[in-house]
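Shown next: my_file.cif, given as mmCIF, C-alpha atoms and all ligand atoms.
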data_final
#
loop_
_atom_site.label_atom_id
_atom_site.label_comp_id
_atom_site.auth_asym_id
_atom_site.auth_seq_id
_atom_site.Cartn_x
_atom_site.Cartn_y
_atom_site.Cartn_z
CA MET A 300 150.77 39.77 124.33
CA CYS A 301 154.40 39.14 123.38
CA SER A 302 154.77 35.63 122.12
CA HIS A 303 158.39 35.39 123.35
CA CYS A 304 158.22 36.17 127.05
CA SER A 305 154.58 36.87 127.90
CA CYS A 306 155.53 40.38 129.04
CA GLY A 307 152.20 41.87 128.04
CA VAL A 308 153.59 44.08 125.34
CA ALA A 309 151.78 43.69 122.10
CA GLU A 310 153.99 42.35 119.38
CA VAL A 311 154.31 44.65 116.40
CA PRO A 312 153.92 42.70 113.22
CA ARG A 313 156.86 43.03 110.88
CA GLU A 314 154.68 44.03 107.98
CA LEU A 315 152.28 46.87 108.71
CA PRO A 316 149.35 47.28 106.41
CA GLN A 317 150.16 50.12 104.06
CA GLU A 318 147.80 52.95 103.39
CA VAL A 319 146.10 52.34 100.10
CA SER A 320 146.53 55.47 98.07
CA SER A 321 143.10 55.22 96.47
CA ALA A 322 141.28 55.34 99.86
CA SER A 323 139.41 58.62 100.28
CA PRO A 324 140.78 60.90 102.98
CA PRO A 325 138.51 61.43 105.98
CA ALA A 326 135.83 64.04 105.14
CA PRO A 327 136.80 67.44 106.52
CA ALA A 328 134.26 69.03 108.85
CA PRO A 329 131.96 71.09 106.58
CA LEU A 330 132.74 74.79 106.62
CA PRO A 331 129.92 77.08 107.57
CA ARG A 332 128.87 79.02 104.49
CA THR A 333 126.01 81.13 103.28
CA LEU A 334 123.83 80.26 100.31
CA ALA A 335 122.00 83.07 98.59
CA VAL A 336 118.72 81.58 97.47
CA THR A 337 115.90 84.14 97.09
CA THR A 338 112.87 81.97 96.51
CA SER A 339 109.28 82.87 97.23
CA LEU A 340 107.61 80.76 99.88
CA LEU A 341 104.60 80.79 97.59
CA GLN A 342 106.57 79.48 94.62
CA ARG A 343 104.92 76.07 94.58
CA ASN A 344 101.48 77.58 94.90
CA ASP A 345 102.21 80.08 92.13
CA GLU A 346 103.41 77.30 89.83
CA LEU A 347 100.26 75.27 90.43
CA ALA A 348 98.11 78.37 89.97
CA ALA A 349 99.71 78.84 86.56
CA VAL A 350 98.85 75.23 85.71
CA ASN A 351 95.24 75.83 86.79
CA ARG A 352 95.05 79.04 84.79
CA GLN A 353 96.18 77.23 81.64
CA ARG A 354 93.69 74.47 82.21
CA PHE A 355 90.86 77.00 82.66
CA ALA A 356 91.91 78.90 79.54
CA ALA A 357 92.06 75.69 77.50
CA ALA A 358 88.55 74.78 78.67
CA GLY A 359 87.29 78.30 77.95
CA VAL A 360 85.77 78.71 81.41
CA ARG A 361 85.67 81.97 83.33
CA VAL A 362 86.95 81.46 86.88
CA VAL A 363 86.11 83.72 89.79
CA ASN A 364 87.75 83.72 93.23
CA LEU A 365 85.07 84.92 95.66
CA LEU A 366 86.43 86.34 98.90
CA SER A 367 85.01 87.93 102.05
CA SER A 368 84.89 87.71 105.82
CA PRO A 369 82.87 84.84 107.28
CA GLY A 370 79.15 85.26 106.81
CA SER A 371 79.23 88.22 104.40
CA GLY A 372 76.91 86.36 102.07
CA LYS A 373 79.08 84.50 99.56
CA THR A 374 76.97 81.36 99.43
CA ALA A 375 73.69 83.27 99.42
CA LEU A 376 74.96 85.29 96.47
CA LEU A 377 75.82 82.11 94.59
CA GLU A 378 72.40 80.61 95.34
CA GLN A 379 70.81 83.71 93.80
CA LEU A 380 73.13 83.56 90.82
CA ALA A 381 72.38 79.86 90.32
CA GLY A 382 68.63 80.51 90.25
CA ARG A 383 68.99 83.23 87.64
CA LEU A 384 71.32 81.23 85.44
CA GLN A 385 68.95 78.28 85.49
CA ARG A 386 66.06 80.50 84.39
CA ARG A 387 68.20 81.80 81.53
CA GLY A 388 69.21 78.24 80.72
CA ASP A 389 72.17 79.13 78.52
CA VAL A 390 74.96 79.51 81.06
CA ALA A 391 76.39 76.58 82.98
CA MET A 392 77.98 77.32 86.34
CA ALA A 393 79.74 75.11 88.86
CA VAL A 394 81.11 75.97 92.28
CA VAL A 395 84.08 74.89 94.36
CA VAL A 396 83.66 75.94 97.97
CA GLY A 397 86.18 76.00 100.79
CA ASP A 398 85.39 75.90 104.50
CA LEU A 399 87.35 74.84 107.55
CA ALA A 400 84.70 72.20 108.26
CA THR A 401 81.28 70.92 107.09
CA ASP A 402 79.92 70.51 103.59
CA ASN A 403 76.91 72.74 104.32
CA ASP A 404 77.75 75.27 101.63
CA ALA A 405 78.19 72.65 98.89
CA ARG A 406 74.89 71.09 99.93
CA ARG A 407 73.13 74.47 99.79
CA LEU A 408 74.48 74.98 96.28
CA ALA A 409 73.76 71.43 95.14
CA ALA A 410 70.16 72.00 96.24
CA THR A 411 69.92 74.69 93.54
CA GLY A 412 71.02 72.14 90.95
CA THR A 413 74.54 73.56 90.70
CA PRO A 414 77.43 71.08 90.56
CA ALA A 415 79.36 71.85 93.73
CA VAL A 416 82.50 70.40 95.26
CA GLN A 417 83.30 71.07 98.90
CA ILE A 418 86.90 71.45 100.05
CA THR A 419 87.27 71.12 103.79
CA THR A 420 90.58 72.66 104.71
CA GLY A 421 90.78 71.52 108.34
CA GLN A 422 93.50 73.79 109.65
CA ALA A 423 94.10 76.05 106.69
CA CYS A 424 92.23 79.34 106.69
CA HIS A 425 92.50 79.81 102.92
CA LEU A 426 92.39 77.83 99.70
CA GLU A 427 95.55 76.95 97.80
CA ALA A 428 96.00 76.20 94.11
CA ALA A 429 96.61 72.50 94.80
CA MET A 430 93.26 72.18 96.59
CA VAL A 431 91.47 73.79 93.68
CA GLN A 432 93.22 71.47 91.27
CA ARG A 433 91.99 68.43 93.20
CA ALA A 434 88.47 69.83 93.48
CA VAL A 435 88.31 70.45 89.73
CA ASP A 436 89.55 66.89 89.14
CA GLU A 437 86.71 65.70 91.33
CA LEU A 438 84.18 67.83 89.48
CA GLU A 439 85.30 66.29 86.19
CA ALA A 440 85.35 62.78 87.69
CA ARG A 441 81.72 63.31 88.65
CA GLY A 442 80.90 63.88 85.01
CA GLN A 443 81.03 67.67 84.82
CA PRO A 444 83.69 68.56 82.22
CA LEU A 445 85.17 72.02 82.63
CA SER A 446 84.79 72.67 78.92
CA GLU A 447 80.99 72.54 79.27
CA LEU A 448 81.00 75.28 81.88
CA ALA A 449 80.82 79.00 81.23
CA LEU A 450 81.53 79.96 84.81
CA LEU A 451 83.35 78.34 87.71
CA VAL A 452 83.15 80.16 91.02
CA ILE A 453 85.56 79.34 93.82
CA GLU A 454 84.07 80.40 97.16
CA ASN A 455 87.13 80.88 99.35
CA VAL A 456 87.27 80.32 103.10
CA GLY A 457 85.68 83.27 104.92
CA ASN A 458 88.77 85.32 105.83
CA LEU A 459 90.04 88.72 104.71
CA VAL A 460 93.71 88.10 105.48
CA CYS A 461 95.66 85.22 104.01
CA PRO A 462 93.55 84.16 101.01
CA ALA A 463 94.84 87.38 99.41
CA ALA A 464 98.31 85.87 99.08
CA TYR A 465 97.24 82.66 97.33
CA ASP A 466 96.71 82.78 93.59
CA LEU A 467 94.33 79.99 92.60
CA GLY A 468 94.58 80.52 88.86
CA GLU A 469 91.40 82.60 88.71
CA GLY A 470 90.63 85.18 86.06
CA LEU A 471 88.72 87.51 88.34
CA ARG A 472 88.87 88.34 92.04
CA LEU A 473 85.63 89.37 93.57
CA VAL A 474 85.72 90.71 97.12
CA LEU A 475 82.50 91.07 98.99
CA LEU A 476 81.84 93.54 101.79
CA SER A 477 78.45 93.37 103.47
CA VAL A 478 76.68 96.44 104.82
CA THR A 479 76.59 94.92 108.30
CA GLU A 480 80.35 94.76 108.79
CA GLY A 481 81.53 98.37 108.87
CA GLU A 482 82.35 100.85 106.14
CA ASP A 483 86.05 100.92 106.99
CA LYS A 484 86.72 97.21 106.36
CA PRO A 485 88.71 97.97 103.17
CA LEU A 486 91.06 100.19 105.15
CA LYS A 487 91.60 97.49 107.75
CA TYR A 488 92.37 94.81 105.16
CA PRO A 489 94.16 96.74 102.42
CA ALA A 490 96.04 93.75 100.99
CA MET A 491 92.82 91.91 100.24
CA PHE A 492 91.14 94.90 98.64
CA HIS A 493 94.26 95.80 96.63
CA SER A 494 93.94 92.50 94.84
CA ALA A 495 90.21 92.89 94.01
CA ASP A 496 89.03 93.30 90.43
CA VAL A 497 85.47 93.77 91.61
CA VAL A 498 84.18 94.87 95.02
CA LEU A 499 80.59 93.99 95.86
CA ILE A 500 78.72 95.75 98.63
CA ALA A 501 76.46 92.92 99.73
CA LYS A 502 73.20 92.66 101.73
CA SER A 503 72.19 96.07 100.40
CA ASP A 504 68.60 95.33 101.54
CA LEU A 505 69.85 95.86 105.11
CA ALA A 506 71.58 99.18 104.41
CA GLU A 507 68.82 101.36 105.88
CA VAL A 508 68.29 99.18 108.95
CA VAL A 509 71.93 99.22 109.96
CA GLY A 510 72.48 102.87 109.02
CA PHE A 511 75.07 101.95 106.41
CA ASP A 512 77.08 105.00 105.30
CA ARG A 513 77.29 104.39 101.57
CA ALA A 514 79.53 107.37 100.83
CA ALA A 515 82.04 106.37 103.51
CA ALA A 516 82.16 102.80 102.21
CA ARG A 517 82.67 103.92 98.63
CA ALA A 518 85.42 106.30 99.73
CA ALA A 519 87.15 103.51 101.67
CA VAL A 520 87.00 101.20 98.64
CA ALA A 521 88.32 103.97 96.39
CA ARG A 522 91.34 104.42 98.67
CA VAL A 523 92.52 100.83 98.55
CA ALA A 524 91.00 99.54 95.33
CA PRO A 525 90.82 102.57 93.03
CA HIS A 526 90.88 100.30 89.97
CA ALA A 527 88.08 97.95 91.09
CA ARG A 528 84.53 97.89 89.73
CA LEU A 529 82.07 98.56 92.54
CA LEU A 530 78.55 97.15 92.66
CA GLU A 531 75.84 96.90 95.30
CA VAL A 532 73.89 93.69 95.50
CA SER A 533 71.35 91.92 97.63
CA ALA A 534 70.95 88.17 97.56
CA ARG A 535 67.69 88.68 99.46
CA SER A 536 65.92 91.15 97.16
CA GLY A 537 67.88 90.35 94.00
CA ASP A 538 68.90 93.99 93.54
CA GLY A 539 72.04 94.41 91.50
CA MET A 540 72.13 90.76 90.44
CA GLU A 541 71.57 91.46 86.75
CA ALA A 542 74.42 93.97 86.74
CA LEU A 543 76.63 91.39 88.42
CA LEU A 544 75.72 88.79 85.81
CA GLU A 545 76.57 91.23 83.02
CA LEU A 546 79.96 91.73 84.60
CA LEU A 547 80.65 88.04 85.05
CA LEU A 548 79.66 86.82 81.62
CA MET B 13 97.13 78.88 110.51
CA HIS B 14 98.41 80.30 107.29
CA GLU B 15 101.77 80.89 108.98
CA LEU B 16 102.07 77.16 109.57
CA SER B 17 101.66 76.29 105.90
CA LEU B 18 104.15 79.02 104.96
CA MET B 19 106.72 77.61 107.38
CA GLU B 20 106.15 74.12 105.97
CA ALA B 21 106.87 75.53 102.53
CA LEU B 22 110.00 77.19 103.95
CA ARG B 23 111.16 73.93 105.50
CA ASP B 24 110.75 72.01 102.24
CA LEU B 25 112.58 74.68 100.24
CA ALA B 26 115.40 75.09 102.74
CA LEU B 27 116.01 71.37 103.23
CA GLN B 28 116.05 70.78 99.51
CA GLN B 29 118.58 73.56 98.92
CA ALA B 30 120.76 72.61 101.88
CA GLU B 31 120.80 68.92 101.05
CA ALA B 32 121.73 69.69 97.45
CA GLU B 33 124.80 71.42 98.91
CA GLY B 34 125.63 68.47 101.13
CA ALA B 35 124.89 70.40 104.30
CA VAL B 36 124.60 68.57 107.61
CA ARG B 37 123.09 71.46 109.48
CA ILE B 38 121.27 74.72 108.79
CA ALA B 39 122.33 77.43 111.23
CA VAL B 40 120.44 80.48 110.03
CA MET B 41 117.57 81.16 107.62
CA THR B 42 116.84 84.68 106.47
CA LEU B 43 113.42 85.72 105.24
CA ARG B 44 112.08 88.89 103.69
CA VAL B 45 108.53 89.57 104.80
CA GLY B 46 106.53 92.46 103.37
CA SER B 47 104.56 94.65 105.74
CA LEU B 48 101.47 93.90 103.62
CA ALA B 49 102.13 90.18 103.26
CA GLY B 50 99.36 89.39 105.71
CA VAL B 51 101.42 87.42 108.21
CA GLU B 52 102.11 87.81 111.91
CA ILE B 53 105.83 87.69 112.66
CA GLU B 54 105.23 86.10 116.05
CA ALA B 55 103.06 83.40 114.52
CA LEU B 56 105.80 82.74 111.93
CA ARG B 57 108.37 82.25 114.68
CA PHE B 58 106.10 79.96 116.60
CA ALA B 59 105.36 77.83 113.55
CA PHE B 60 109.04 77.85 112.55
CA ALA B 61 110.12 76.16 115.77
CA ALA B 62 107.42 73.53 115.38
CA VAL B 63 108.08 72.59 111.76
CA MET B 64 111.90 72.52 111.93
CA ALA B 65 112.00 70.03 114.83
CA ASP B 66 113.70 66.73 113.90
CA THR B 67 115.35 68.16 110.80
CA ILE B 68 118.87 69.45 110.15
CA ALA B 69 117.38 72.88 110.83
CA ALA B 70 116.16 72.02 114.31
CA ALA B 71 118.55 74.49 115.91
CA ALA B 72 118.35 77.10 113.16
CA VAL B 73 117.90 80.77 113.89
CA LEU B 74 115.18 82.56 111.95
CA ARG B 75 116.10 86.07 110.81
CA ILE B 76 113.32 88.20 109.43
CA GLU B 77 113.79 91.41 107.46
CA VAL B 78 110.56 93.36 107.25
CA VAL B 79 110.10 95.07 103.89
CA PRO B 80 108.07 98.27 104.15
CA ALA B 81 105.34 98.86 101.59
CA VAL B 82 106.35 101.29 98.84
CA CYS B 83 104.06 102.56 96.08
CA ARG B 84 104.66 104.38 92.82
CA CYS B 85 102.21 107.11 91.95
CA GLY B 86 100.25 106.41 88.78
CA GLY B 87 99.98 110.17 88.22
CA CYS B 88 103.41 111.73 88.81
CA GLY B 89 105.61 108.66 89.20
CA ARG B 90 106.86 109.51 92.69
CA ARG B 91 107.81 106.63 95.00
CA PHE B 92 106.61 106.82 98.57
CA ALA B 93 106.08 104.68 101.65
CA ALA B 94 102.56 103.37 102.10
CA LEU B 95 102.53 102.32 105.71
CA ASP B 96 98.82 101.70 105.97
CA GLY B 97 98.57 100.07 102.56
CA VAL B 98 96.98 103.05 100.85
CA CYS B 99 98.89 104.31 97.81
CA GLU B 100 97.92 107.98 98.18
CA CYS B 101 100.62 110.18 96.65
CA PRO B 102 101.95 112.83 99.05
CA SER B 103 102.86 115.06 96.07
CA CYS B 104 99.81 115.07 93.84
CA GLY B 105 97.19 113.29 95.94
CA ALA B 106 96.42 110.66 93.31
CA ILE B 107 95.48 107.22 94.60
CA SER B 108 96.80 104.21 92.74
CA ARG B 109 97.70 100.65 93.56
CA GLU B 110 101.12 100.12 92.10
CA LEU B 111 102.86 98.48 95.00
CA LEU B 112 106.60 98.23 94.31
CA GLN B 113 107.30 96.22 97.44
CA GLY B 114 105.58 95.14 100.63
CA ARG B 115 104.11 91.76 99.76
CA GLU B 116 107.33 89.70 99.92
CA LEU B 117 107.39 86.25 101.47
CA GLN B 118 110.83 85.11 100.44
CA LEU B 119 113.65 82.95 101.65
CA THR B 120 116.79 84.97 100.82
CA SER B 121 119.68 83.06 102.38
CA LEU B 122 120.70 80.02 104.29
CA GLU B 123 123.73 79.58 106.52
CA ILE B 124 124.72 75.94 106.36
CA ALA B 125 127.51 73.71 107.66
N1 LIG C 1 69.29 90.31 104.54
C1 LIG C 1 70.20 89.62 103.86
N2 LIG C 1 70.82 88.56 104.45
C2 LIG C 1 71.76 87.90 103.74
C3 LIG C 1 72.11 88.28 102.43
N3 LIG C 1 73.07 87.43 101.99
C4 LIG C 1 73.31 86.56 102.99
N4 LIG C 1 72.52 86.84 104.05
C5 LIG C 1 72.49 86.12 105.33
O1 LIG C 1 73.79 86.18 105.90
C6 LIG C 1 74.11 84.94 106.54
C7 LIG C 1 75.41 84.39 105.99
O2 LIG C 1 75.25 84.13 104.62
P1 LIG C 1 76.15 83.09 103.84
O3 LIG C 1 75.73 83.15 102.42
O4 LIG C 1 76.14 81.78 104.49
O5 LIG C 1 77.58 83.76 104.03
P2 LIG C 1 79.01 83.20 103.59
O6 LIG C 1 79.83 84.38 103.25
O7 LIG C 1 78.84 82.17 102.55
O8 LIG C 1 79.53 82.54 104.93
P3 LIG C 1 80.83 81.58 105.14
O9 LIG C 1 80.87 80.65 103.96
O10 LIG C 1 80.55 80.89 106.41
O11 LIG C 1 82.00 82.50 105.21
C8 LIG C 1 72.94 84.02 106.30
O12 LIG C 1 72.11 84.08 107.44
C9 LIG C 1 72.23 84.64 105.12
O13 LIG C 1 70.87 84.39 105.07
C10 LIG C 1 71.43 89.41 101.83
O14 LIG C 1 71.67 89.82 100.70
N5 LIG C 1 70.51 90.04 102.61
MG MG C 2 79.61 80.21 102.46
ZN ZN C 3 95.22 80.91 105.60
ZN ZN C 4 95.85 83.12 108.07
ZN ZN C 5 101.71 111.67 92.48
#
Please re-express this file's structure in structure tokens.
Amino acid sequence: MCSHCSCGVAEVPRELPQEVSSASPPAPAPLPRTLAVTTSLLQRNDELAAVNRQRFAAAGVRVVNLLSSPGSGKTALLEQLAGRLQRRGDVAMAVVVGDLATDNDARRLAATGTPAVQITTGQACHLEAAMVQRAVDELEARGQPLSELALLVIENVGNLVCPAAYDLGEGLRLVLLSVTEGEDKPLKYPAMFHSADVVLIAKSDLAEVVGFDRAAARAAVARVAPHARLLEVSARSGDGMEALLELLL
Amino acid sequence: MHELSLMEALRDLALQQAEAEGAVRIAVMTLRVGSLAGVEIEALRFAFAAVMADTIAAAAVLRIEVVPAVCRCGGCGRRFAALDGVCECPSCGAISRELLQGRELQLTSLEIA
């Protein structure tokens, strides 16, 4: 209000505050722009897998990533393997096993005297390098140093799709196809079989009963995994287990 | 649920890059996804919307370029499309596994403001 006549007009002070030249100008609205980035979504996993791989190499342990559909016989195969290794007595094996839920598989393996760490993934349908890192930490914390192992098997979550994309730091990828699940599985899941170093045809004791077409299965494997070693095994009868051991050790 | 963890990885990468540039908003993200990458595009889109909520990318558009699988023949060196994931050479019939592309899961660009 004007102090002279109360007219309601605001009095303008004689001295206006001057703009200080050092004050930053108001930020301009950011301009839309495009950043070229090109980064793999799996970058973090790949970095951790490389860390795992170095750790395994330093400890001198052979690490196998064991993959298949649910129920193809991964755990049964490892139970068989554990029994044989214990009879030989000169090869120490431990297992890290991933499932969505339950620690049944780790308990089955522990019952054979094999150090086993269960990873329950909850939502994730595959193992990632970070989970393996934590599981190996746990194994060592329980008093099983990696350097005293000859073989560490990672039983992945039963799934033929996304585990293919996740490097865990393993030295060998073993993909299992059981005789009860159809000879054309490799053709339906080419990405998984592409990445296999070894393909095992499992539950061979059931081949006759289910009318398994051996030639068709071998041809399917040859189409998507022409480089892979192919073996038939049965965890039930023990057939092929010695050949598998030879290959692993 | 593999698509969900991939989209979480995308979110972390994109926010980190955008914030380093002082961005206040991400308008578009472009991905390259290989035809043999083992992901469902629809599931990616669904997970994308869920994981970007409450971030500066909440209103972002997801663009996906699908990269077809291409092999190189181990026998004669020819390059050819391998739509079903089998690297069987149409020239010489050899089967190999040298996949030149088709497994990509990459963030390639961000439009920010
Ligand atoms: N006849 C026969 N049955 C087998 C063989 N191997 C496994 N099985 C049976 O197949 C079923 C599944 O075996 P698991 O070893 O639990 O299979 P898995 O791949 O570990 O299963 P997930 O971990 O759930 O993916 C069980 O009932 C086993 O007894 C085999 O060599 N022969
Ligand atoms: Mg199992
Ligand atoms: Zn998964
Ligand atoms: Zn998945
Ligand atoms: Zn050729």
For atom CA of B:Val79 and atom CA of A:Ala464, quote the distance in Å rounded to one decimal. 15.7 Å
Nearest to ligand MG 2 (chain C) by atom-to-atom distance, counting all atoms listed in the file, from A:Ala434, A:Ile418, A:Leu448, A:Val456: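 Nearest candidate to ligand MG 2 (chain C) out of A:Ala434, A:Ile418, A:Leu448, A:Val456: A:Val456.
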Between B:Thr67, B:Glu123, B:Ser47, B:Glu52, single out the one closest to B:Asp96, counting only C-alpha atoms.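 Answer, going by the shortest atom-to-atom distance: B:Ser47.
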Point (105.6, 94.1, 103.2) neighbourhood (9 Å, all atoms listed in the file) written as number ranges by chain: B: 44-50, 78-82, 113-117
Between atom CA of A:Leu380 and atom CA of A:Asp404 - distance in Å to one decimal: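 Atom CA of A:Leu380 lies 14.4 Å from atom CA of A:Asp404.
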So that each row is one residue of chain B with an atom at most 9 Å from ligand ZN 3 (chain C), can you give its shortest atom pair and the distance in Å to one decimal, using all atoms listed in the file, rows by chain and rising number, as CSV?
residue,atom,partner,partner_atom,distance
B:Met13,CA,C:ZN3,ZN,5.6
B:His14,CA,C:ZN3,ZN,3.7
B:Glu15,CA,C:ZN3,ZN,7.4
B:Leu16,CA,C:ZN3,ZN,8.8
B:Ser17,CA,C:ZN3,ZN,7.9
Find, counting all atoms listed in the file, the residue in A:Leu450, A:Leu399, A:Leu471, A:Ala393 that gets nearest to chain B.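 Among A:Leu450, A:Leu399, A:Leu471, A:Ala393, it is A:Leu399 that comes nearest to chain B.
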Interface, chain B side, toward chain A (10 Å; all atoms listed in the file) as JSON, numbers by chain: {"B": [13, 14, 15, 16, 17, 18, 19, 20, 21, 22, 23, 24, 25, 26, 29, 30, 33, 34, 35, 36, 37, 38, 39, 40, 41, 42, 43, 44, 47, 48, 49, 50, 51, 96, 97, 98, 99, 100, 106, 107, 108, 109, 110, 111, 114, 115, 116, 117, 118, 119, 120, 121, 122, 123, 124, 125]}
Counting all atoms listed in the file, what are the residues, protein, DNA or RNA alike, that approach ligand MG 2 (chain C) to within 10 Å? I want them as an mmCIF file with C-alpha atoms, in the coordinates of the input.
data_model
loop_
_atom_site.group_PDB
_atom_site.id
_atom_site.type_symbol
_atom_site.label_atom_id
_atom_site.label_comp_id
_atom_site.auth_asym_id
_atom_site.auth_seq_id
_atom_site.Cartn_x
_atom_site.Cartn_y
_atom_site.Cartn_z
ATOM 1 C CA LEU A 365 85.070 84.920 95.660
ATOM 2 C CA LEU A 366 86.430 86.340 98.900
ATOM 3 C CA SER A 367 85.010 87.930 102.050
ATOM 4 C CA SER A 368 84.890 87.710 105.820
ATOM 5 C CA PRO A 369 82.870 84.840 107.280
ATOM 6 C CA GLY A 370 79.150 85.260 106.810
ATOM 7 C CA SER A 371 79.230 88.220 104.400
ATOM 8 C CA GLY A 372 76.910 86.360 102.070
ATOM 9 C CA LYS A 373 79.080 84.500 99.560
ATOM 10 C CA THR A 374 76.970 81.360 99.430
ATOM 11 C CA ALA A 375 73.690 83.270 99.420
ATOM 12 C CA LEU A 376 74.960 85.290 96.470
ATOM 13 C CA LEU A 377 75.820 82.110 94.590
ATOM 14 C CA VAL A 396 83.660 75.940 97.970
ATOM 15 C CA GLY A 397 86.180 76.000 100.790
ATOM 16 C CA ASP A 398 85.390 75.900 104.500
ATOM 17 C CA ASP A 402 79.920 70.510 103.590
ATOM 18 C CA ASN A 403 76.910 72.740 104.320
ATOM 19 C CA ASP A 404 77.750 75.270 101.630
ATOM 20 C CA ALA A 405 78.190 72.650 98.890
ATOM 21 C CA ARG A 407 73.130 74.470 99.790
ATOM 22 C CA LEU A 408 74.480 74.980 96.280
ATOM 23 C CA GLU A 454 84.070 80.400 97.160
ATOM 24 C CA ASN A 455 87.130 80.880 99.350
ATOM 25 C CA VAL A 456 87.270 80.320 103.100
ATOM 26 C CA GLY A 457 85.680 83.270 104.920
#
Quick one: residues within 6 Å of ligand ZN 5 (chain C), with only C-alpha atoms and all ligand atoms, as a PyMOL selection string? chain B and resi 85+87-90+101+103-106
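Between atom CA of A:Val508 and atom N5 of ligand LIG 1 (chain C) the interatomic distance comes to 11.3 Å.
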Contacts of A:Arg513 at 12 Å (all atoms listed in the file; same-chain gap of 4+ positions) as a PyMOL selection string: chain A and resi 476-479+481-483+500-501+503+505-507+509+517-520+529-531
For stretch 392-396 of chain A, take all atoms listed in the file, fit an axis-aligned box around them, add 6 Å to each of the six sides, then output centre and edge lengths in Å rounded to one decimal, as AutoDock Vina command-line options.
--center_x 81.0 --center_y 76.1 --center_z 92.2 --size_x 18.1 --size_y 14.4 --size_z 23.6
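Closest to ligand ZN 4 (chain C) among A:Ala428, A:Leu543, A:Tyr465, A:Val452 is A:Tyr465, based on all atoms listed in the file.
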Show which residues sit within 12 Å of A:Asn351, as an mmCIF file with C-alpha atoms, in the frame of the given file. Count all atoms listed in the file, and ignore same-chain residues fewer than 5 positions away.
data_model
loop_
_atom_site.group_PDB
_atom_site.id
_atom_site.type_symbol
_atom_site.label_atom_id
_atom_site.label_comp_id
_atom_site.auth_asym_id
_atom_site.auth_seq_id
_atom_site.Cartn_x
_atom_site.Cartn_y
_atom_site.Cartn_z
ATOM 1 C CA ASN A 344 101.480 77.580 94.900
ATOM 2 C CA ASP A 345 102.210 80.080 92.130
ATOM 3 C CA GLU A 346 103.410 77.300 89.830
ATOM 4 C CA ALA A 356 91.910 78.900 79.540
ATOM 5 C CA ALA A 357 92.060 75.690 77.500
ATOM 6 C CA ALA A 358 88.550 74.780 78.670
ATOM 7 C CA VAL A 360 85.770 78.710 81.410
ATOM 8 C CA ARG A 361 85.670 81.970 83.330
ATOM 9 C CA VAL A 362 86.950 81.460 86.880
ATOM 10 C CA GLU A 427 95.550 76.950 97.800
ATOM 11 C CA ALA A 428 96.000 76.200 94.110
ATOM 12 C CA ALA A 429 96.610 72.500 94.800
ATOM 13 C CA MET A 430 93.260 72.180 96.590
ATOM 14 C CA VAL A 431 91.470 73.790 93.680
ATOM 15 C CA GLN A 432 93.220 71.470 91.270
ATOM 16 C CA ARG A 433 91.990 68.430 93.200
ATOM 17 C CA ALA A 434 88.470 69.830 93.480
ATOM 18 C CA VAL A 435 88.310 70.450 89.730
ATOM 19 C CA ASP A 436 89.550 66.890 89.140
ATOM 20 C CA LEU A 445 85.170 72.020 82.630
ATOM 21 C CA ASP A 466 96.710 82.780 93.590
ATOM 22 C CA LEU A 467 94.330 79.990 92.600
ATOM 23 C CA GLY A 468 94.580 80.520 88.860
ATOM 24 C CA GLU A 469 91.400 82.600 88.710
ATOM 25 C CA GLY A 470 90.630 85.180 86.060
#
Minimum-distance residue to ligand ZN 4 (chain C), chosen among A:Arg535, A:Pro414, A:Gly510, A:Asn458 (using only C-alpha atoms and all ligand atoms): A:Asn458
